[in-house]
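> I have a structure I would like to understand better, so I am pasting it below and will then ask my questions one at a time.
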Amino acid sequence: MASGGPESPDVVLVGGGIMSANLAVLLRLLDPRLAIHVLEAAPVLATEASDASNNAGTGHAGICELSYTPSRDANGKVPVGRALRIFAQFERSLQFYAHAAATGMVGDPAGFIRPVPHVCLVHGPEDVAFLAARHEALRAHHFFGEMRMTSDPGAIHAWAPLVMEGRKPGPVAASTGEGTEVDFGELARRLLGWLAAQEGCTVSTGWKVDGLSRAPEGWRVSARQSATDTRRILRARFVFVGAGGGTLPILQTAGLPEVRGLAGFPIGGQWLVCDEPSVAARHAAKVYGATPPSSPSLGAPHLDLRMLGGPRRLMFGPFASWTTRFLRNSGAMTDLPASIRPGNLATLLRTALRNRALVRYLVAEGLQDMGSRLVALRDFYPAAIDRHWRVVDAGIRVQTLRKEDGGAVSFGTEVLASADRSVAALMGASPGASVSVGIALDVIATCFPRLLSDAGALSRARAIFPAFEKDLAVPANAALFQRVARATRETLGLAPVDGIA
Ligand SMILES: Cc1cc2nc3c(=O)[nH]c(=O)nc-3n(C[C@H](O)[C@H](O)[C@H](O)COP(=O)(O)OP(=O)(O)OC[C@H]3O[C@@H](n4cnc5c(N)ncnc54)[C@H](O)[C@@H]3O)c2cc1C
């Protein structure tokens, strides 16, 4: 492809969060001739959902998230397929970040990733039995061979003292494996910093995209700089809309049949945060609990040590909150009403009617005061002292609702591409940033298939992802997985491979 300067690049990416950062950099690595322009509305990159304070920073790998292994089958076994898929996807992310670190693209990885135990904590006889069955099923796979489980309160106290102190006697169990905390915002800024330094590539902040229309050879992207009230028009053969909560309004301007009937429903998030050093010093894990019945996957509460992106602190949540904004910093209360069209009103109404339990959960969450949040915290940390905790806002997830789903809500993340593959967008919310490298590869496979099939590009892909064409989940590749995982973790300064879950 030939570029005609920053206003006519080959590729435009809208949004400067972790999703666009991964995709833009991978595209450039796979085809160094591509001219790429990233347009970000905010003055600073990655300050919405990807920012460290707006998400939990969990490198989701299926170790501690009970929602990825939700129920037992007829034989009493826990199906672990989803946990394995998410582990494998996060492994891809780690390989890409290790490549970026090893080649000097992102500086010292300690600035955006660090090891932290991921712990699952349950109580009550049923949940203890479930955790034992889950542990047995996961441990049978080489991804999770080192995972440990105990129902001994003393051993759990050694892993996470705060969750045991003051706890009433009763059945309790926990499992643990080596996980990560990731500052996805910092990582996105570093990746895009590298991109901006490449010839033919531009990263523009302070430019809000407000229109997407067909041009003779691709798309016309219209953007406005509010500080100077200036408008610019870019033309590109391929556009990726990675604008997080801002994605749906942009797609609605493009007149794509694929977007008709799509609706977005925002769910705000809040955390309880503890900055008290004497408390923060005594917790060194991410401890996830069971997902409350009828709540979406974002409802799984967890008590986390956070160290990246700020001082050492504890964070508990998330709690859902009501909002009609699609973006935390630059959104407006009119975002939700402005997104309603005759074609998606029925989608929204049908979803509300079909998901009464979810609606009740969101209403109850939205009505919570500090007192009820502290009650939820004490389920995890019985001896928590009120004055050590304050409420802070987290990022907003815009849940995509599709007409074809007949009112069903899925909490996954998916790629929407136009029939001619000239525009793609990331829809959905969870597990989000952790699997965003896999999502970027899906976009490339769908919209730039030659980059994963012609010989030159394939050898570049293999340099980034060792064992690119191999499925590391199959038992025959267990030794290969160990080798690749060990090298990846060494480069990123994570736990040694024997410590893998
Ligand atoms: C409470 C909460 C907890 C989470 N916890 C985790 C977790 O522990 N682990 C995990 O992996 N994921 C987690 N996630 C999900 C994760 O944060 C997101 O999936 C991920 O950050 C999305 O990245 P993104 O680049 O798509 O969106 P964003 O980071 O939101 O980036 C979108 C960018 O687009 C820009 N933009 C918007 N509109 C426009 C426009 N019109 N023109 C130009 N630019 C525009 C925005 O300013 C923003 O910078 C969590 C999310 C939330 C809300």
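In the structure tokens, chains take the letters A, B, ... in the order shown, each chain's residues start at 1, and ligands count up from 1 in the order shown.
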Excluding Cys120 of chain A and its own-chain neighbours fewer than 5 positions away, which residues fall within 10 Å of it when counting only C-alpha atoms? Please give them as a PyMOL selection string.

chain A and resi 63-66+131+149+173-177+286-290+302

> Taking only C-alpha atoms and all ligand atoms and a cut-off of 6 Å, can you tell me which residues surround ligand 1, written as a PyMOL selection string?

chain A and resi 14-20+39-42+45-50+54-60+207-210+242-244+246+269+318+394-397+429-434

> Pick out the residues sitting within 12 Å of segment 160-163 of chain A, and hand them over as an MDAnalysis selection string; count only C-alpha atoms, and ignore anything fewer than 6 positions along from it in its own chain.

chainID A and resid 116:123 153:154 172:176 278:289 302:305 314 316 377:385

> Grab the atom CA of Arg483 of chain A to atom CA of Gln89 of chain A distance for me, in Å with one decimal place.

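Computing it gives 17.0 Å between the two atoms.
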
> I'd like to know which of A:Leu29, A:Ile233, A:Leu23, A:Val363 is closest to Trp322 of chain A, using only C-alpha atoms.

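Nearest candidate to Trp322 of chain A out of A:Leu29, A:Ile233, A:Leu23, A:Val363: A:Val363.
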
> Which residues come within 7 Å of Val78 of chain A, counting only C-alpha atoms, excluding same-chain residues fewer than 2 positions away, as a ChimeraX atom specification?

/A:69,71-73,76,80,133-134,137
